[in-house]
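This is query_25.txt (compact mmCIF, C-alpha atoms).
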# COMPACT_ATOMS: atom_id res chain seq x y z
CA MET K 1 125.24 89.02 157.11
CA THR K 2 125.60 88.62 153.37
CA THR K 3 128.71 87.89 151.40
CA GLN K 4 129.37 89.07 147.89
CA THR K 5 131.99 87.30 145.90
CA ALA K 6 132.51 89.96 143.25
CA PRO K 7 134.49 93.08 144.23
CA ARG K 8 132.05 95.77 145.09
CA ILE K 9 131.91 99.09 143.29
CA PRO K 10 130.96 101.80 145.80
CA SER K 11 127.53 103.34 145.30
CA PHE K 12 128.98 106.84 144.82
CA MET K 13 130.43 105.63 141.52
CA GLU K 14 126.99 104.87 140.07
CA LYS K 15 126.36 107.02 137.04
CA LYS K 16 123.65 109.55 137.78
CA ALA K 17 122.25 112.43 135.74
CA ASP K 18 124.81 115.23 135.58
CA ARG K 19 124.07 117.59 138.41
CA LYS K 20 124.68 121.32 138.23
CA ILE K 21 124.35 123.95 140.93
CA CYS K 22 124.48 127.74 140.84
CA PHE K 23 124.76 130.05 143.84
CA ILE K 24 123.80 133.71 143.67
CA CYS K 25 125.69 135.79 146.24
CA SER K 26 123.88 139.06 146.79
CA LYS K 27 125.18 140.04 150.24
CA GLY K 28 128.48 141.49 151.39
CA ASN K 29 128.27 140.78 155.12
CA LEU K 30 130.82 138.30 156.42
CA ASP K 31 128.14 135.97 157.79
CA MET K 32 126.27 136.06 154.49
CA ALA K 33 129.39 135.36 152.44
CA TYR K 34 130.28 132.01 153.91
CA PRO K 35 127.17 129.84 153.42
CA ALA K 36 127.39 129.85 149.62
CA LEU K 37 131.18 129.41 149.62
CA ILE K 38 131.00 126.43 151.96
CA MET K 39 128.17 124.76 150.06
CA ALA K 40 129.80 125.46 146.71
CA ASN K 41 133.02 123.93 147.98
CA GLY K 42 131.10 120.84 149.06
CA ALA K 43 129.33 120.65 145.70
CA VAL K 44 132.49 120.86 143.63
CA GLY K 45 134.05 118.14 145.82
CA GLU K 46 131.13 115.88 144.93
CA GLY K 47 131.81 116.27 141.24
CA ILE K 48 128.89 118.67 140.72
CA GLU K 49 129.29 121.44 138.12
CA THR K 50 129.38 124.54 140.32
CA HIS K 51 128.90 128.22 139.47
CA ILE K 52 128.80 131.29 141.72
CA PHE K 53 127.28 134.54 140.47
CA PHE K 54 128.06 137.69 142.45
CA THR K 55 125.61 140.57 142.34
CA PHE K 56 124.84 143.77 144.22
CA TRP K 57 126.36 143.73 147.72
CA GLY K 58 127.81 140.33 146.92
CA MET K 59 130.31 142.23 144.75
CA ASP K 60 132.13 143.06 147.99
CA MET K 61 133.10 139.38 148.17
CA ILE K 62 135.12 139.61 144.94
CA ASN K 63 136.19 143.25 144.99
CA ARG K 64 139.92 143.32 145.77
CA LYS K 65 139.44 146.42 147.92
CA THR K 66 136.75 144.89 150.11
CA MET K 67 137.07 141.10 149.98
CA HIS K 68 139.62 141.06 152.82
CA ASP K 69 137.47 143.28 154.93
CA LEU K 70 133.92 141.90 155.08
CA LYS K 71 132.20 142.62 158.36
CA PHE K 72 129.68 141.15 160.70
CA THR K 73 127.29 143.31 162.69
CA LEU K 74 124.90 142.57 165.54
CA LEU K 75 122.54 145.24 164.23
CA GLY K 76 119.31 143.75 162.99
CA ASN K 77 120.43 140.27 164.02
CA THR K 78 118.23 138.85 166.77
CA ALA K 79 119.93 135.47 166.61
CA MET K 80 122.88 136.43 168.77
CA HIS K 81 123.06 133.75 171.42
CA PRO K 82 126.73 133.69 172.34
CA PRO K 83 128.13 130.49 173.80
CA ARG K 84 127.58 129.92 177.53
CA ARG K 85 124.84 132.54 177.84
CA TRP K 86 122.13 130.01 178.62
CA GLY K 87 120.01 130.90 175.62
CA ILE K 88 119.95 134.60 176.47
CA SER K 89 120.41 136.68 173.37
CA MET K 90 122.42 139.88 173.21
CA ALA K 91 120.40 143.01 172.53
CA GLN K 92 121.03 143.61 168.86
CA GLY K 93 121.01 147.36 169.53
CA LEU K 94 124.37 146.97 171.25
CA GLY K 95 125.71 146.64 167.73
CA GLY K 96 125.39 150.41 167.46
CA ILE K 97 128.11 151.02 170.05
CA PRO K 98 131.32 152.19 168.34
CA GLY K 99 133.80 149.34 167.95
CA MET K 100 131.12 146.66 168.32
CA THR K 101 131.10 145.66 164.64
CA ARG K 102 134.85 145.40 164.72
CA MET K 103 134.76 143.17 167.75
CA ALA K 104 131.94 140.99 166.41
CA THR K 105 133.80 140.61 163.10
CA TRP K 106 137.00 139.63 164.88
CA MET K 107 135.14 137.03 166.93
CA LEU K 108 133.33 135.52 163.98
CA LYS K 109 136.53 135.34 161.93
CA LYS K 110 138.21 133.57 164.82
CA GLN K 111 135.37 131.05 165.20
CA ILE K 112 135.15 130.33 161.48
CA GLY K 113 138.94 130.06 161.23
CA ALA K 114 138.91 127.50 164.05
CA GLN K 115 136.77 125.27 161.81
CA GLY K 116 139.53 125.25 159.22
CA VAL K 117 137.65 127.60 156.91
CA PRO K 118 139.93 130.01 155.03
CA PRO K 119 139.36 133.77 154.77
CA VAL K 120 137.14 134.83 151.83
CA PRO K 121 139.87 135.68 149.25
CA GLU K 122 141.72 132.40 149.87
CA PHE K 123 138.41 130.56 149.83
CA LEU K 124 137.77 131.92 146.34
CA ASP K 125 141.24 130.71 145.25
CA LEU K 126 140.41 127.30 146.65
CA LEU K 127 137.07 127.14 144.84
CA VAL K 128 138.64 128.07 141.52
CA GLU K 129 141.40 125.49 142.03
CA SER K 130 138.72 122.91 142.68
CA GLY K 131 136.93 123.77 139.45
CA ALA K 132 134.12 126.12 140.54
CA ARG K 133 133.41 129.02 138.17
CA LEU K 134 132.91 132.61 139.32
CA TRP K 135 130.88 135.26 137.52
CA ALA K 136 130.30 138.96 138.19
CA CYS K 137 127.04 140.80 137.50
CA LYS K 138 127.25 143.32 134.67
CA MET K 139 124.76 145.78 136.12
CA SER K 140 126.44 145.80 139.54
CA VAL K 141 129.83 146.31 137.90
CA ASP K 142 128.50 149.28 135.91
CA MET K 143 126.65 150.73 138.86
CA MET K 144 129.69 150.54 141.14
CA GLY K 145 132.12 151.70 138.46
CA LEU K 146 134.23 148.53 138.69
CA LYS K 147 136.47 146.86 136.13
CA LYS K 148 137.54 143.25 135.83
CA GLU K 149 140.99 144.23 137.19
CA ASP K 150 139.32 145.37 140.40
CA MET K 151 138.10 141.87 141.07
CA HIS K 152 139.51 138.60 142.38
CA ASP K 153 141.57 136.82 139.69
CA GLY K 154 139.25 133.83 139.76
CA VAL K 155 136.34 135.80 138.33
CA GLU K 156 135.96 134.42 134.85
CA ASP K 157 133.83 137.11 133.28
CA ILE K 158 131.34 139.91 133.75
CA ILE K 159 127.99 138.69 132.50
CA ASN K 160 124.50 140.14 132.06
CA VAL K 161 121.20 138.59 133.09
CA ALA K 162 120.69 136.77 129.79
CA GLU K 163 124.16 135.25 130.03
CA PHE K 164 123.57 134.31 133.64
CA LEU K 165 120.42 132.48 132.59
CA GLU K 166 122.44 130.60 129.99
CA VAL K 167 125.12 129.69 132.56
CA SER K 168 122.51 128.51 135.04
CA GLU K 169 120.41 126.54 132.57
CA GLY K 170 119.43 123.24 134.09
CA ALA K 171 121.09 124.12 137.41
CA GLN K 172 119.67 124.12 140.89
CA VAL K 173 119.82 127.81 141.74
CA ILE K 174 120.38 128.94 145.32
CA PHE K 175 119.95 132.61 146.14
CA VAL K 176 121.82 133.94 149.14
CA MET A 177 126.50 94.44 157.65
CA THR A 178 127.85 93.15 154.35
CA THR A 179 131.15 91.59 153.50
CA THR A 180 132.83 91.59 150.16
CA LEU A 181 135.70 89.56 148.83
CA ILE A 182 138.75 91.56 147.83
CA ALA A 183 142.01 89.80 146.98
CA GLY A 184 140.54 86.63 148.38
CA ARG A 185 139.89 88.25 151.75
CA GLU A 186 136.58 88.90 153.38
CA ILE A 187 136.21 92.63 153.98
CA HIS A 188 133.43 94.35 155.93
CA VAL A 189 131.73 97.21 154.09
CA ASP A 190 128.76 99.51 154.68
CA GLU A 191 125.82 99.88 152.30
CA GLU A 192 127.73 102.41 150.21
CA GLY A 193 130.74 100.15 149.88
CA PHE A 194 133.12 101.90 152.32
CA MET A 195 135.17 99.63 154.53
CA THR A 196 133.95 99.58 158.11
CA VAL A 197 136.90 97.93 159.83
CA PRO A 198 139.99 100.06 159.19
CA ALA A 199 142.25 97.31 160.53
CA GLU A 200 141.21 95.03 157.64
CA TRP A 201 142.93 97.38 155.22
CA THR A 202 146.46 96.72 154.08
CA GLU A 203 148.48 98.56 151.45
CA ASP A 204 148.05 95.76 148.91
CA LEU A 205 144.29 96.40 148.90
CA ALA A 206 144.67 100.02 147.80
CA PRO A 207 145.39 99.37 144.09
CA LEU A 208 142.37 97.05 143.91
CA LEU A 209 140.10 99.57 145.60
CA ALA A 210 141.48 102.32 143.36
CA LYS A 211 140.44 100.38 140.26
CA GLN A 212 136.86 100.33 141.54
CA VAL A 213 136.81 104.13 141.49
CA GLY A 214 138.43 104.48 138.10
CA ILE A 215 142.06 104.98 139.15
CA ASP A 216 144.20 102.53 137.22
CA GLU A 217 147.54 103.28 138.79
CA LEU A 218 148.54 104.62 142.17
CA THR A 219 151.42 107.08 141.79
CA PRO A 220 153.75 108.21 144.61
CA ASP A 221 151.52 111.29 144.99
CA HIS A 222 148.48 109.08 145.54
CA TRP A 223 150.44 107.25 148.22
CA VAL A 224 151.35 110.50 150.01
CA VAL A 225 147.62 111.17 150.35
CA ILE A 226 146.69 107.61 151.29
CA ARG A 227 149.40 107.31 153.94
CA PHE A 228 148.50 110.71 155.37
CA LEU A 229 144.84 109.67 155.57
CA ARG A 230 145.75 106.45 157.35
CA SER A 231 148.03 108.05 159.91
CA ASP A 232 145.67 110.98 160.48
CA PHE A 233 142.75 108.60 161.00
CA ALA A 234 144.79 106.59 163.48
CA ALA A 235 145.52 109.78 165.43
CA GLU A 236 142.19 111.60 165.10
CA GLY A 237 139.65 108.81 164.65
CA GLU A 238 138.14 110.73 161.75
CA THR A 239 138.75 110.80 158.01
CA ALA A 240 140.55 113.99 156.98
CA THR A 241 138.74 116.38 154.65
CA LEU A 242 140.31 117.85 151.51
CA ARG A 243 141.11 121.04 153.38
CA ARG A 244 142.85 119.15 156.14
CA ILE A 245 144.89 117.15 153.65
CA SER A 246 145.95 120.18 151.65
CA THR A 247 147.03 122.11 154.74
CA ASN A 248 148.62 119.21 156.62
CA ALA A 249 150.00 116.88 153.95
CA GLY A 250 151.14 119.69 151.65
CA VAL A 251 149.26 118.43 148.60
CA PRO A 252 147.48 121.37 146.94
CA THR A 253 143.73 121.08 146.42
CA LYS A 254 144.14 121.26 142.67
CA ARG A 255 146.43 118.25 142.78
CA LEU A 256 143.95 116.34 144.94
CA PHE A 257 141.33 116.84 142.23
CA GLU A 258 143.81 115.59 139.61
CA LEU A 259 144.73 112.51 141.64
CA PHE A 260 141.19 111.58 142.63
CA PRO A 261 138.99 113.21 139.97
CA GLN A 262 135.36 114.29 140.44
CA LYS A 263 134.76 113.15 144.01
CA PRO A 264 138.17 113.38 145.67
CA GLY A 265 137.00 113.22 149.30
CA LYS A 266 135.02 110.02 148.86
CA LYS A 267 137.46 108.37 146.46
CA MET A 268 140.51 108.85 148.66
CA ALA A 269 138.67 107.64 151.77
CA TYR A 270 137.47 104.58 149.84
CA VAL A 271 140.95 103.71 148.57
CA ALA A 272 142.41 104.20 152.05
CA GLY A 273 139.79 101.87 153.53
CA LEU A 274 138.29 104.56 155.75
CA PRO A 275 134.76 105.93 156.30
CA LYS A 276 133.79 108.84 154.07
CA PRO A 277 134.78 112.24 155.57
CA LYS A 278 132.25 113.83 157.90
CA GLY A 279 133.58 117.38 157.93
CA CYS A 280 132.05 120.13 155.77
CA ILE A 281 135.28 121.64 154.52

Could you render the structure from this file as structure tokens?
Amino acid sequence: MTTQTAPRIPSFMEKKADRKICFICSKGNLDMAYPALIMANGAVGEGIETHIFFTFWGMDMINRKTMHDLKFTLLGNTAMHPPRRWGISMAQGLGGIPGMTRMATWMLKKQIGAQGVPPVPEFLDLLVESGARLWACKMSVDMMGLKKEDMHDGVEDIINVAEFLEVSEGAQVIFV
Amino acid sequence: MTTTLIAGREIHVDEEGFMTVPAEWTEDLAPLLAKQVGIDELTPDHWVVIRFLRSDFAAEGETATLRRISTNAGVPTKRLFELFPQKPGKKMAYVAGLPKPKGCI
């Protein structure tokens, strides 16, 4: 046991090089939307400069018409090991049965909600409130015929690749 | 295990500086701890958060996350970032004499 006489400044207050992180969200499935949002939320809470760039199917995460309605499907997902099934996975082909996507989405939303995680649109509000910055991809916007008004209010701007590279300069970039 | 002297009292802390014995914390320590993380004055809003953290820890045995504070103590996330800038989760746990939060959200 050691005793220090001077009041101790916690180690998290030590000045480190400014850290910056940039997530690229390229998927519009419910299960692919959350990882970046959760990590970005953690990053911004650690005082890290945080950006999220939405592109291609990731546009569904910020499109007002779709952001409330992201889905989760069993199809193509061999990692379905529901609780209490002793490691037996569900045949992913069952995802093709009508109503299955709806049910799987409902279940996943319920499980994520139970962890205190907000639905995607509210999560975006929360991130913006916390200081994260959201960007939409110019080419995706053009391709999908979207306008800024069609997107979540937190989206700061529609930017092209060159601008994205400027925004992400010096950042750790994570592609989802 | 390290101890540090705050307000003339010996306080147990971990290697990061967080208090390890919640019972050693008293309200008069909070302003001193706050100074260590760059908060010069504790306002009534700071105290709402600190007191919530203390009572929630006593009930749950775990330090509340930002999300839990905003939904249960009624302090919006934006305000939490204003009160405890940069690293709100760690700063508020530190000032309240609790371990850093373990939850992800």

Interface rows for stretch 74-163 of chain K against stretch 5-24 of chain K: nearest pair, Å to one decimal, 12 Å, all atoms listed in the file, as CSV:
residue,atom,partner,partner_atom,distance
K:Ala132,CA,K:Cys22,CA,9.8
K:Arg133,CA,K:Cys22,CA,9.4
K:Leu134,CA,K:Phe23,CA,9.7
K:Trp135,CA,K:Ile24,CA,9.5
K:Ala136,CA,K:Ile24,CA,10.0
K:Cys137,CA,K:Ile24,CA,9.9
K:Val161,CA,K:Ile24,CA,11.9

Determine, using all atoms listed in the file, which residues of chain A have any atom at most 9 Å from an atom of chain K, and tabulate each with its shortest atom pair and distance in Å to one decimal place, rows ordered by chain and then rising number, as JSON lines.
{"residue": "A:Met177", "atom": "CA", "partner": "K:Met1", "partner_atom": "CA", "distance": 5.6}
{"residue": "A:Thr178", "atom": "CA", "partner": "K:Thr2", "partner_atom": "CA", "distance": 5.2}
{"residue": "A:Thr179", "atom": "CA", "partner": "K:Thr3", "partner_atom": "CA", "distance": 4.9}
{"residue": "A:Thr180", "atom": "CA", "partner": "K:Gln4", "partner_atom": "CA", "distance": 4.8}
{"residue": "A:Leu181", "atom": "CA", "partner": "K:Thr5", "partner_atom": "CA", "distance": 5.2}
{"residue": "A:Ile182", "atom": "CA", "partner": "K:Pro7", "partner_atom": "CA", "distance": 5.8}
{"residue": "A:Ala183", "atom": "CA", "partner": "K:Pro7", "partner_atom": "CA", "distance": 8.7}
{"residue": "A:Gly184", "atom": "CA", "partner": "K:Thr5", "partner_atom": "CA", "distance": 8.9}
{"residue": "A:Glu186", "atom": "CA", "partner": "K:Thr3", "partner_atom": "CA", "distance": 8.2}
{"residue": "A:Glu191", "atom": "CA", "partner": "K:Ser11", "partner_atom": "CA", "distance": 8.0}
{"residue": "A:Glu192", "atom": "CA", "partner": "K:Ser11", "partner_atom": "CA", "distance": 5.0}
{"residue": "A:Gly193", "atom": "CA", "partner": "K:Pro10", "partner_atom": "CA", "distance": 4.4}
{"residue": "A:Phe194", "atom": "CA", "partner": "K:Pro10", "partner_atom": "CA", "distance": 6.9}
{"residue": "A:Leu208", "atom": "CA", "partner": "K:Pro7", "partner_atom": "CA", "distance": 8.8}
{"residue": "A:Leu209", "atom": "CA", "partner": "K:Ile9", "partner_atom": "CA", "distance": 8.5}
{"residue": "A:Gln212", "atom": "CA", "partner": "K:Ile9", "partner_atom": "CA", "distance": 5.4}
{"residue": "A:Val213", "atom": "CA", "partner": "K:Met13", "partner_atom": "CA", "distance": 6.6}
{"residue": "A:Gly214", "atom": "CA", "partner": "K:Met13", "partner_atom": "CA", "distance": 8.8}
{"residue": "A:Leu242", "atom": "CA", "partner": "K:Gly45", "partner_atom": "CA", "distance": 8.5}
{"residue": "A:Arg243", "atom": "CA", "partner": "K:Gly116", "partner_atom": "CA", "distance": 7.4}
{"residue": "A:Arg244", "atom": "CA", "partner": "K:Gly116", "partner_atom": "CA", "distance": 7.6}
{"residue": "A:Pro252", "atom": "CA", "partner": "K:Glu129", "partner_atom": "CA", "distance": 8.8}
{"residue": "A:Thr253", "atom": "CA", "partner": "K:Ser130", "partner_atom": "CA", "distance": 6.5}
{"residue": "A:Lys254", "atom": "CA", "partner": "K:Glu129", "partner_atom": "CA", "distance": 5.1}
{"residue": "A:Arg255", "atom": "CA", "partner": "K:Glu129", "partner_atom": "CA", "distance": 8.8}
{"residue": "A:Leu256", "atom": "CA", "partner": "K:Ser130", "partner_atom": "CA", "distance": 8.7}
{"residue": "A:Phe257", "atom": "CA", "partner": "K:Ser130", "partner_atom": "CA", "distance": 6.6}
{"residue": "A:Pro261", "atom": "CA", "partner": "K:Gly47", "partner_atom": "CA", "distance": 7.9}
{"residue": "A:Gln262", "atom": "CA", "partner": "K:Gly47", "partner_atom": "CA", "distance": 4.1}
{"residue": "A:Lys263", "atom": "CA", "partner": "K:Glu46", "partner_atom": "CA", "distance": 4.6}
{"residue": "A:Pro264", "atom": "CA", "partner": "K:Gly45", "partner_atom": "CA", "distance": 6.3}
{"residue": "A:Gly265", "atom": "CA", "partner": "K:Gly45", "partner_atom": "CA", "distance": 6.7}
{"residue": "A:Lys266", "atom": "CA", "partner": "K:Phe12", "partner_atom": "CA", "distance": 7.9}
{"residue": "A:Lys267", "atom": "CA", "partner": "K:Phe12", "partner_atom": "CA", "distance": 8.8}
{"residue": "A:Tyr270", "atom": "CA", "partner": "K:Pro10", "partner_atom": "CA", "distance": 8.2}
{"residue": "A:Cys280", "atom": "CA", "partner": "K:Gly42", "partner_atom": "CA", "distance": 6.8}
{"residue": "A:Ile281", "atom": "CA", "partner": "K:Val117", "partner_atom": "CA", "distance": 6.8}

Could those selected residues go to a file with C-alpha atoms, as a PDB file, keeping the file's coordinate frame?
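Here's the written file again-v7.pdb:
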ATOM      1  CA  MET A 177     126.500  94.440 157.650  1.00  0.00           C
ATOM      2  CA  THR A 178     127.850  93.150 154.350  1.00  0.00           C
ATOM      3  CA  THR A 179     131.150  91.590 153.500  1.00  0.00           C
ATOM      4  CA  THR A 180     132.830  91.590 150.160  1.00  0.00           C
ATOM      5  CA  LEU A 181     135.700  89.560 148.830  1.00  0.00           C
ATOM      6  CA  ILE A 182     138.750  91.560 147.830  1.00  0.00           C
ATOM      7  CA  ALA A 183     142.010  89.800 146.980  1.00  0.00           C
ATOM      8  CA  GLY A 184     140.540  86.630 148.380  1.00  0.00           C
ATOM      9  CA  GLU A 186     136.580  88.900 153.380  1.00  0.00           C
ATOM     10  CA  GLU A 191     125.820  99.880 152.300  1.00  0.00           C
ATOM     11  CA  GLU A 192     127.730 102.410 150.210  1.00  0.00           C
ATOM     12  CA  GLY A 193     130.740 100.150 149.880  1.00  0.00           C
ATOM     13  CA  PHE A 194     133.120 101.900 152.320  1.00  0.00           C
ATOM     14  CA  LEU A 208     142.370  97.050 143.910  1.00  0.00           C
ATOM     15  CA  LEU A 209     140.100  99.570 145.600  1.00  0.00           C
ATOM     16  CA  GLN A 212     136.860 100.330 141.540  1.00  0.00           C
ATOM     17  CA  VAL A 213     136.810 104.130 141.490  1.00  0.00           C
ATOM     18  CA  GLY A 214     138.430 104.480 138.100  1.00  0.00           C
ATOM     19  CA  LEU A 242     140.310 117.850 151.510  1.00  0.00           C
ATOM     20  CA  ARG A 243     141.110 121.040 153.380  1.00  0.00           C
ATOM     21  CA  ARG A 244     142.850 119.150 156.140  1.00  0.00           C
ATOM     22  CA  PRO A 252     147.480 121.370 146.940  1.00  0.00           C
ATOM     23  CA  THR A 253     143.730 121.080 146.420  1.00  0.00           C
ATOM     24  CA  LYS A 254     144.140 121.260 142.670  1.00  0.00           C
ATOM     25  CA  ARG A 255     146.430 118.250 142.780  1.00  0.00           C
ATOM     26  CA  LEU A 256     143.950 116.340 144.940  1.00  0.00           C
ATOM     27  CA  PHE A 257     141.330 116.840 142.230  1.00  0.00           C
ATOM     28  CA  PRO A 261     138.990 113.210 139.970  1.00  0.00           C
ATOM     29  CA  GLN A 262     135.360 114.290 140.440  1.00  0.00           C
ATOM     30  CA  LYS A 263     134.760 113.150 144.010  1.00  0.00           C
ATOM     31  CA  PRO A 264     138.170 113.380 145.670  1.00  0.00           C
ATOM     32  CA  GLY A 265     137.000 113.220 149.300  1.00  0.00           C
ATOM     33  CA  LYS A 266     135.020 110.020 148.860  1.00  0.00           C
ATOM     34  CA  LYS A 267     137.460 108.370 146.460  1.00  0.00           C
ATOM     35  CA  TYR A 270     137.470 104.580 149.840  1.00  0.00           C
ATOM     36  CA  CYS A 280     132.050 120.130 155.770  1.00  0.00           C
ATOM     37  CA  ILE A 281     135.280 121.640 154.520  1.00  0.00           C
TER      38      ILE A 281
END

Would you be able to write out as an NGL selection string which residues have an atom within 12 Å of (152.0, 110.1, 144.1) in the file's coordinates, counting all atoms listed in the file?
:A and (217-228 or 251 or 255-256 or 258-260)

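In terms of minimum interatomic distance to A:Pro277, A:Ala240 ranks closest within A:Ala234, A:Ala199, A:Ala240, A:Ile215, counting all atoms listed in the file.
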
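Across the model, the gap from atom CA of K:Asn63 to atom CA of K:His152 is 6.3 Å.
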
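Straight-line separation from atom CA of K:Gly99 to atom CA of K:Thr73: 10.3 Å.
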
So the first atom is atom CA of K:Glu169 and the second is atom CA of K:Met67; what is the distance between them in Å, to one decimal place?
28.2 Å

Give me the residues within 7 Å of K:Ala104 as a ChimeraX atom specification, counting only C-alpha atoms and dropping any in the same chain fewer than 3 places off.
/K:72-73,100-101,107-108
